[in-house]
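Just target.txt here, compact mmCIF, C-alpha atoms:
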```txt
# COMPACT_ATOMS: atom_id res chain seq x y z
CA MET A 30 180.25 41.38 100.13
CA PHE A 31 180.30 42.60 103.74
CA LEU A 32 183.37 40.44 104.41
CA THR A 33 185.11 41.86 101.33
CA MET A 34 184.44 45.44 102.41
CA PHE A 35 185.63 44.61 105.94
CA LEU A 36 188.88 43.13 104.61
CA LEU A 37 189.41 46.19 102.40
CA ALA A 38 188.96 48.45 105.43
CA VAL A 39 191.49 46.40 107.40
CA VAL A 40 194.04 46.56 104.57
CA TYR A 41 193.57 50.31 104.15
CA LEU A 42 193.78 51.08 107.87
CA ALA A 43 196.98 49.06 108.08
CA PHE A 44 198.31 50.99 105.08
CA LEU A 45 197.64 54.35 106.75
CA ALA A 46 199.10 53.13 110.05
CA VAL A 47 202.36 52.15 108.34
CA LEU A 48 202.57 55.49 106.51
CA PHE A 49 202.23 57.37 109.79
CA ALA A 50 204.60 55.00 111.64
CA MET A 51 207.28 55.47 108.99
CA ASN A 52 207.04 59.25 109.41
CA VAL A 53 205.82 59.95 105.91
CA ASN A 54 204.88 63.63 105.92
CA GLN A 55 201.35 63.72 107.35
CA LEU A 56 200.41 66.98 105.61
CA VAL A 57 201.46 65.49 102.28
CA ILE A 58 199.29 62.40 102.96
CA VAL A 59 196.22 64.46 103.90
CA LEU A 60 196.51 66.92 101.01
CA PHE A 61 197.34 64.27 98.44
CA MET A 62 194.57 61.87 99.48
CA GLY A 63 192.02 64.66 99.92
CA GLY A 64 192.75 66.13 96.50
CA PHE A 65 192.78 62.75 94.82
CA MET A 66 189.46 61.70 96.37
CA PHE A 67 187.86 64.99 95.33
CA LEU A 68 188.97 64.49 91.72
CA GLN A 69 187.98 60.82 91.69
CA TYR A 70 184.54 61.43 93.20
CA PHE A 71 183.51 64.44 91.11
CA PHE A 72 185.30 63.90 87.80
CA SER A 73 185.79 60.14 87.28
CA ASP A 74 182.46 59.84 85.42
CA LYS A 75 183.42 62.61 83.01
CA LEU A 76 186.82 61.02 82.38
CA ILE A 77 185.20 57.62 81.74
CA LEU A 78 182.66 59.04 79.29
CA ARG A 79 185.37 60.99 77.49
CA SER A 80 187.73 58.01 77.31
CA MET A 81 184.92 55.92 75.79
CA GLY A 82 183.94 58.63 73.31
CA ALA A 83 180.38 58.60 74.69
CA LYS A 84 178.00 61.21 73.27
CA MET A 85 175.00 62.47 75.25
CA VAL A 86 171.80 62.05 73.27
CA SER A 87 168.54 63.93 73.73
CA GLU A 88 165.07 62.44 73.57
CA SER A 89 164.65 63.73 70.02
CA GLU A 90 167.88 62.01 68.96
CA ALA A 91 167.07 58.63 70.58
CA PRO A 92 163.33 58.57 71.40
CA GLU A 93 162.97 54.79 71.81
CA LEU A 94 165.98 54.57 74.10
CA HIS A 95 164.72 57.45 76.26
CA GLN A 96 161.23 55.96 76.47
CA MET A 97 162.62 52.59 77.50
CA VAL A 98 164.82 54.07 80.24
CA SER A 99 162.00 56.36 81.43
CA ARG A 100 159.64 53.40 81.79
CA LEU A 101 162.20 51.39 83.75
CA CYS A 102 162.98 54.36 86.00
CA ALA A 103 159.29 54.66 86.85
CA ILE A 104 159.23 51.00 87.90
CA ALA A 105 162.50 51.26 89.85
CA ASP A 106 161.56 54.62 91.44
CA LEU A 107 164.62 56.39 90.04
CA PRO A 108 165.12 59.87 88.58
CA MET A 109 165.74 59.90 84.85
CA PRO A 110 169.49 59.63 84.16
CA LYS A 111 171.30 61.17 81.23
CA ILE A 112 171.59 58.88 78.21
CA ALA A 113 174.78 58.43 76.19
CA VAL A 114 175.66 56.40 73.13
CA VAL A 115 179.11 55.07 72.24
CA ASN A 116 179.72 54.58 68.54
CA THR A 117 181.40 51.18 68.49
CA SER A 118 180.51 47.75 67.17
CA MET A 119 181.36 46.19 70.55
CA PRO A 120 178.02 45.31 72.20
CA ASN A 121 178.05 46.59 75.77
CA ALA A 122 176.53 49.03 78.25
CA PHE A 123 177.58 50.75 81.46
CA ALA A 124 176.41 53.24 84.07
CA THR A 125 178.48 55.93 85.75
CA GLY A 126 177.98 58.98 87.94
CA ARG A 127 178.50 59.73 91.63
CA ASN A 128 174.81 59.48 92.65
CA LYS A 129 171.27 58.93 91.37
CA LYS A 130 170.82 62.56 90.35
CA ASN A 131 174.05 62.65 88.36
CA ALA A 132 173.89 59.22 86.75
CA VAL A 133 174.60 58.46 83.12
CA VAL A 134 173.56 55.25 81.38
CA ALA A 135 175.50 54.52 78.20
CA VAL A 136 174.97 51.93 75.50
CA THR A 137 176.98 51.14 72.41
CA THR A 138 175.59 51.18 68.90
CA GLY A 139 176.70 47.54 68.72
CA ILE A 140 174.43 46.41 71.55
CA MET A 141 171.43 48.23 70.11
CA LYS A 142 171.91 46.33 66.85
CA GLN A 143 172.67 43.00 68.52
CA LEU A 144 169.73 42.75 70.95
CA ASN A 145 165.98 42.84 70.53
CA GLY A 146 163.82 45.27 72.53
CA SER A 147 163.18 43.01 75.53
CA GLU A 148 166.85 42.04 75.82
CA LEU A 149 168.01 45.65 75.61
CA GLU A 150 165.44 46.60 78.24
CA ALA A 151 166.87 43.92 80.56
CA VAL A 152 170.39 45.26 80.04
CA LEU A 153 169.24 48.81 80.80
CA ALA A 154 167.48 47.54 83.94
CA HIS A 155 170.79 45.96 85.01
CA GLU A 156 172.57 49.29 84.62
CA LEU A 157 169.80 51.17 86.42
CA THR A 158 170.12 48.72 89.32
CA HIS A 159 173.78 49.75 89.57
CA VAL A 160 172.53 53.33 89.88
CA LYS A 161 169.88 52.39 92.44
CA ASN A 162 172.43 50.45 94.52
CA ARG A 163 174.89 53.37 94.32
CA ASP A 164 177.51 50.98 92.95
CA MET A 165 179.52 53.74 91.29
CA MET A 166 179.99 55.45 94.67
CA VAL A 167 180.70 52.10 96.40
CA MET A 168 183.38 51.19 93.87
CA THR A 169 184.88 54.70 93.95
CA ILE A 170 185.28 54.50 97.73
CA ALA A 171 186.55 50.91 97.55
CA THR A 172 189.18 51.74 94.92
CA PHE A 173 190.31 55.04 96.43
CA LEU A 174 193.19 53.96 98.65
CA SER A 175 194.08 51.21 96.19
CA SER A 176 194.62 53.94 93.60
CA VAL A 177 196.65 55.95 96.11
CA ALA A 178 198.83 52.90 96.82
CA GLN A 179 199.34 52.39 93.09
CA ILE A 180 200.40 56.01 92.63
CA MET A 181 202.75 55.79 95.61
CA VAL A 182 204.42 52.73 94.10
CA GLN A 183 204.91 54.58 90.82
CA TRP A 184 205.80 58.01 92.23
CA MET A 185 207.41 57.25 95.59
CA PRO A 186 210.55 59.35 94.93
CA PHE A 187 208.43 62.50 94.66
CA LEU A 188 206.46 61.97 97.89
CA GLY A 189 209.43 62.23 100.20
CA GLY A 190 209.61 61.41 103.87
CA GLY A 191 210.02 63.19 107.16
CA GLY A 192 211.40 62.77 110.64
CA ASP A 193 214.86 61.17 110.57
CA SER A 194 217.51 62.94 108.52
CA ARG A 195 219.94 60.04 108.37
CA ASP A 196 220.29 58.61 104.88
CA ARG A 197 220.26 54.99 105.99
CA ASP A 198 217.05 55.34 108.01
CA SER A 199 215.45 57.34 105.22
CA GLY A 200 216.37 54.64 102.74
CA SER A 201 214.92 51.93 105.02
CA SER A 202 211.70 53.90 105.44
CA PHE A 203 211.45 54.34 101.69
CA ILE A 204 211.78 50.58 101.09
CA VAL A 205 209.23 49.70 103.81
CA VAL A 206 206.64 52.19 102.52
CA PHE A 207 207.23 51.04 98.96
CA LEU A 208 206.76 47.36 99.84
CA VAL A 209 203.67 48.07 101.96
CA SER A 210 202.15 50.19 99.16
CA LEU A 211 202.83 47.38 96.71
CA ALA A 212 201.22 44.80 99.02
CA VAL A 213 198.17 47.02 99.58
CA TRP A 214 197.82 47.54 95.83
CA ILE A 215 197.92 43.79 95.09
CA VAL A 216 195.62 42.66 97.94
CA SER A 217 193.07 45.43 97.34
CA PHE A 218 193.18 44.69 93.59
CA LEU A 219 191.92 41.16 94.29
CA LEU A 220 189.37 42.23 96.90
CA ILE A 221 187.93 44.97 94.69
CA ARG A 222 187.43 42.50 91.88
CA ALA A 223 185.61 40.17 94.27
CA LEU A 224 183.42 43.09 95.34
CA SER A 225 182.72 43.94 91.70
CA ARG A 226 181.59 40.38 91.01
CA TYR A 227 179.14 40.51 93.95
CA ARG A 228 177.73 43.81 92.66
CA GLU A 229 177.15 42.24 89.24
CA PHE A 230 175.10 39.43 90.77
CA ALA A 231 173.05 42.04 92.67
CA ALA A 232 172.49 44.08 89.49
CA ASP A 233 171.41 40.95 87.60
CA ARG A 234 168.85 40.22 90.29
CA GLY A 235 167.62 43.81 90.26
CA ALA A 236 167.16 43.70 86.49
CA ALA A 237 165.22 40.44 86.77
CA VAL A 238 162.88 41.93 89.39
CA ILE A 239 162.36 45.22 87.52
CA THR A 240 161.54 43.60 84.17
CA GLY A 241 159.99 40.40 85.54
CA GLN A 242 161.85 38.58 82.77
CA PRO A 243 165.15 37.06 83.98
CA SER A 244 165.34 35.00 80.78
CA MET A 245 165.67 38.17 78.70
CA LEU A 246 168.81 39.24 80.59
CA ALA A 247 170.19 35.70 80.31
CA SER A 248 169.56 35.78 76.57
CA ALA A 249 171.24 39.19 76.26
CA LEU A 250 174.29 38.03 78.22
CA MET A 251 174.71 34.97 76.01
CA LYS A 252 174.41 37.05 72.84
CA ILE A 253 176.89 39.68 74.04
CA SER A 254 179.40 37.17 75.39
CA GLY A 255 179.35 35.19 72.15
CA PHE A 256 180.16 38.25 70.07
CA LYS A 257 183.64 38.49 68.59
CA VAL A 258 184.97 41.76 69.90
CA PRO A 259 187.06 43.75 67.39
CA THR A 260 190.68 44.01 68.51
CA GLN A 261 190.81 47.79 68.10
CA ASP A 262 187.76 48.34 70.31
CA LEU A 263 189.09 45.82 72.84
CA ARG A 264 192.31 47.78 73.33
CA LYS A 265 190.34 50.94 74.09
CA VAL A 266 188.33 49.45 76.95
CA GLU A 267 190.33 46.54 78.37
CA GLY A 268 191.39 47.43 81.89
CA PRO A 269 189.77 49.44 84.73
CA VAL A 270 186.84 50.69 82.60
CA SER A 271 185.88 47.06 81.97
CA ALA A 272 184.49 46.86 85.52
CA LEU A 273 181.69 49.22 84.48
CA PHE A 274 180.40 47.09 81.62
CA ILE A 275 177.58 44.56 81.78
CA VAL A 276 180.08 41.98 80.48
CA PRO A 277 183.87 42.35 80.80
CA ALA A 278 185.77 43.57 77.76
CA ILE A 279 188.77 41.26 78.14
CA SER A 280 190.40 38.88 75.76
CA GLY A 281 190.15 35.11 76.22
CA SER A 282 193.82 34.74 77.15
CA ALA A 283 193.33 37.19 80.07
CA ILE A 284 190.42 35.37 81.71
CA MET A 285 191.01 34.12 85.24
CA ASN A 286 188.09 34.19 87.63
CA LEU A 287 190.21 35.51 90.48
CA PHE A 288 191.17 38.61 88.50
CA SER A 289 187.86 39.12 86.69
CA THR A 290 185.56 42.06 87.45
CA HIS A 291 182.54 39.91 86.50
CA PRO A 292 181.28 36.48 87.59
CA PRO A 293 181.51 33.63 85.05
CA LEU A 294 178.69 33.70 82.51
CA GLU A 295 177.55 30.23 83.58
CA ALA A 296 177.13 31.39 87.20
CA ARG A 297 175.14 34.44 86.13
CA ILE A 298 172.83 32.36 83.92
CA ALA A 299 172.28 29.83 86.72
CA ALA A 300 171.43 32.62 89.17
CA LEU A 301 168.96 34.16 86.72
CA GLN A 302 167.31 30.78 86.13
CA LYS A 303 166.91 30.39 89.90
CA ILE A 304 165.33 33.85 90.14
CA GLU A 305 162.94 32.98 87.33
CA LEU A 306 161.77 29.95 89.27
CA GLU A 307 161.28 32.12 92.37
CA LEU A 308 159.20 34.64 90.41
CA GLU A 309 156.98 31.86 89.04
CA VAL A 310 156.10 30.62 92.53
```
Here is the file; what I need is its structure written in the form of structure tokens.
Amino acid sequence: MFLTMFLLAVVYLAFLAVLFAMNVNQLVIVLFMGGFMFLQYFFSDKLILRSMGAKMVSESEAPELHQMVSRLCAIADLPMPKIAVVNTSMPNAFATGRNKKNAVVAVTTGIMKQLNGSELEAVLAHELTHVKNRDMMVMTIATFLSSVAQIMVQWMPFLGGGGDSRDRDSGSSFIVVFLVSLAVWIVSFLLIRALSRYREFAADRGAAVITGQPSMLASALMKISGFKVPTQDLRKVEGPVSALFIVPAISGSAIMNLFSTHPPLEARIAALQKIELELEV
């Protein structure tokens, strides 16, 4: 994970160096990146919840869910997050929010029907571990310049350039910046997915330690992964939001480990079985 973050930093520093070297307007870079990071850091959780159709639920509306999360928070030494429910038959769960005090843990109606109490508790412990590890902030920072590079590839004509007024040099600068932005986008895309897979392993381990029952999370993962996801629900969540889920919401034809936000199910089960043996010692 450290190596992945280091490589991301190298890629991003090279990206900024090229932008400055090619005389892209520095004020535009600072204002654009500063504004984009502000929006991404403070409002990405709200956009995610809205895009998923998540509804905040009070303790009176979902008493068992609140009690379960409250008990796990006491064990994990976390403040109580907000609880949301997504009305969909797709069984899944995710956590979002920029820090521990502003976290939201969301579950779908499908996962509450699919899993028993111990399995659901293990899933919630997994999501709370993401909160405890500040994974939402880590992934926001990791994806920031990747998102900027993606936007630059799509909106390069509107960003403009500075310095040399000659058309030929301006055109050459445009092509170089475009190609560099494209390369940064592709390389960081792969590195971020590797980082996401490492964070999932860490969250699985955290859930196993919090509940003391790694087998319950393994059972939940097998149940969720074996569920036939409705096509309509799949279209709503396939893509960037999938990185937030406990299992990826991607179709079978799209699965390639290199591009996946989550480790293979077999690897996760094997890791949980190893943790269970460690806990028994």
Do you have the atom CA of Thr169 of chain A-atom CA of Tyr70 of chain A distance handy?
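Answer for the atom CA of Thr169 of chain A to atom CA of Tyr70 of chain A separation: 6.8 Å.
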Proximity of segment 106-127 of chain A to segment 222-245 of chain A: per-residue shortest pair, 12 Å limit, only C-alpha atoms, as a tab-separated table:
```
residue	atom	partner	partner_atom	distance
A:Asp106	CA	A:Ile239	CA	10.2
A:Leu107	CA	A:Ile239	CA	11.7
A:Phe123	CA	A:Glu229	CA	11.5
A:Ala124	CA	A:Ala232	CA	11.3
```
Could you write those residues out with C-alpha atoms, as a compact mmCIF listing (two decimals), in the frame of the given file?
```txt
# COMPACT_ATOMS: atom_id res chain seq x y z
CA ASP A 106 161.56 54.62 91.44
CA LEU A 107 164.62 56.39 90.04
CA PHE A 123 177.58 50.75 81.46
CA ALA A 124 176.41 53.24 84.07
```
Open item on the list: I'd like to know which of A:Ala46, A:Leu157, A:Ile275, A:Leu36 is closest to His291 of chain A, using all atoms listed in the file.
Closed with: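 Once distances to His291 of chain A are computed over all atoms listed in the file, the minimum belongs to A:Ile275.
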Distance in Å - atom CA of Leu32 of chain A versus atom CA of Thr172 of chain A: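 We find that atom CA of Leu32 of chain A and atom CA of Thr172 of chain A lie 15.9 Å from each other.
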task = Show which residues sit within 9 Å of Val205 of chain A, as a list in words. Count only C-alpha atoms, and ignore same-chain residues fewer than 4 positions away.
result =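 The residues that qualify are Val47, Met51, Gly200, Ser201, Val209 and Ser210 of chain A.
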Output file for the residues above (C-alpha atoms, as a PDB file, in the frame of the given file):
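So the final result, stored in again-v2.pdb, reads:
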```pdb
ATOM      1  CA  VAL A  47     202.360  52.150 108.340  1.00  0.00           C
ATOM      2  CA  MET A  51     207.280  55.470 108.990  1.00  0.00           C
ATOM      3  CA  GLY A 200     216.370  54.640 102.740  1.00  0.00           C
ATOM      4  CA  SER A 201     214.920  51.930 105.020  1.00  0.00           C
ATOM      5  CA  VAL A 209     203.670  48.070 101.960  1.00  0.00           C
ATOM      6  CA  SER A 210     202.150  50.190  99.160  1.00  0.00           C
TER       7      SER A 210
END
```
| If you measure from atom CA of Leu211 of chain A to atom CA of Pro293 of chain A, what distance in Å do you get, rounded to one decimal? |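 Computed distance, atom CA of Leu211 of chain A to atom CA of Pro293 of chain A, equals 27.9 Å.
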With distances taken over all atoms listed in the file, the candidate from A:Arg297, A:His95, A:Met109, A:Phe207 nearest Val136 of chain A is A:His95
Practice task
For each of A:Lys142, A:Lys130, A:Arg79, A:Arg100, take the minimum atom-to-atom distance to Lys161 of chain A, counting all atoms listed in the file, then give the residue where this is smallest.
Solution key: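 Looking only at the distances to Lys161 of chain A, the closest residue turns out to be A:Lys130.
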Next item on the list: Would you list the residues near (194.5, 52.2, 106.1), meaning any protein, DNA or RNA residue with an atom at most 12 Å from that point in file coordinates, counting all atoms listed in the file, as a ChimeraX atom specification?
Entry: /A:35-50,58,62,171,173-175,177-178,209-210,213-214,217
All residues 10 Å or closer to Ser73 of chain A, all atoms listed in the file, same chain fewer than 4 positions away omitted, as a list in words:
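Skipping anything fewer than 4 positions along the chain leaves Met66, Phe67, Leu68, Gln69, Ile77, Leu78, Arg79, Thr125, Gly126, Arg127, Met165 and Thr169 of chain A.
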Pro120 of chain A proximity check over A:Gly82, A:Gly255, A:Gly64, A:Pro108, using only C-alpha atoms: winner is A:Gly255
Let me have the centre and edge lengths in Å, one decimal, of the box along x, y and z around every listed atom of segment 235-242 of chain A with 4 Å of margin on each side, as JSON.
```
{"center_x": 163.8, "center_y": 41.9, "center_z": 86.5, "size_x": 15.6, "size_y": 14.6, "size_z": 15.5}
```
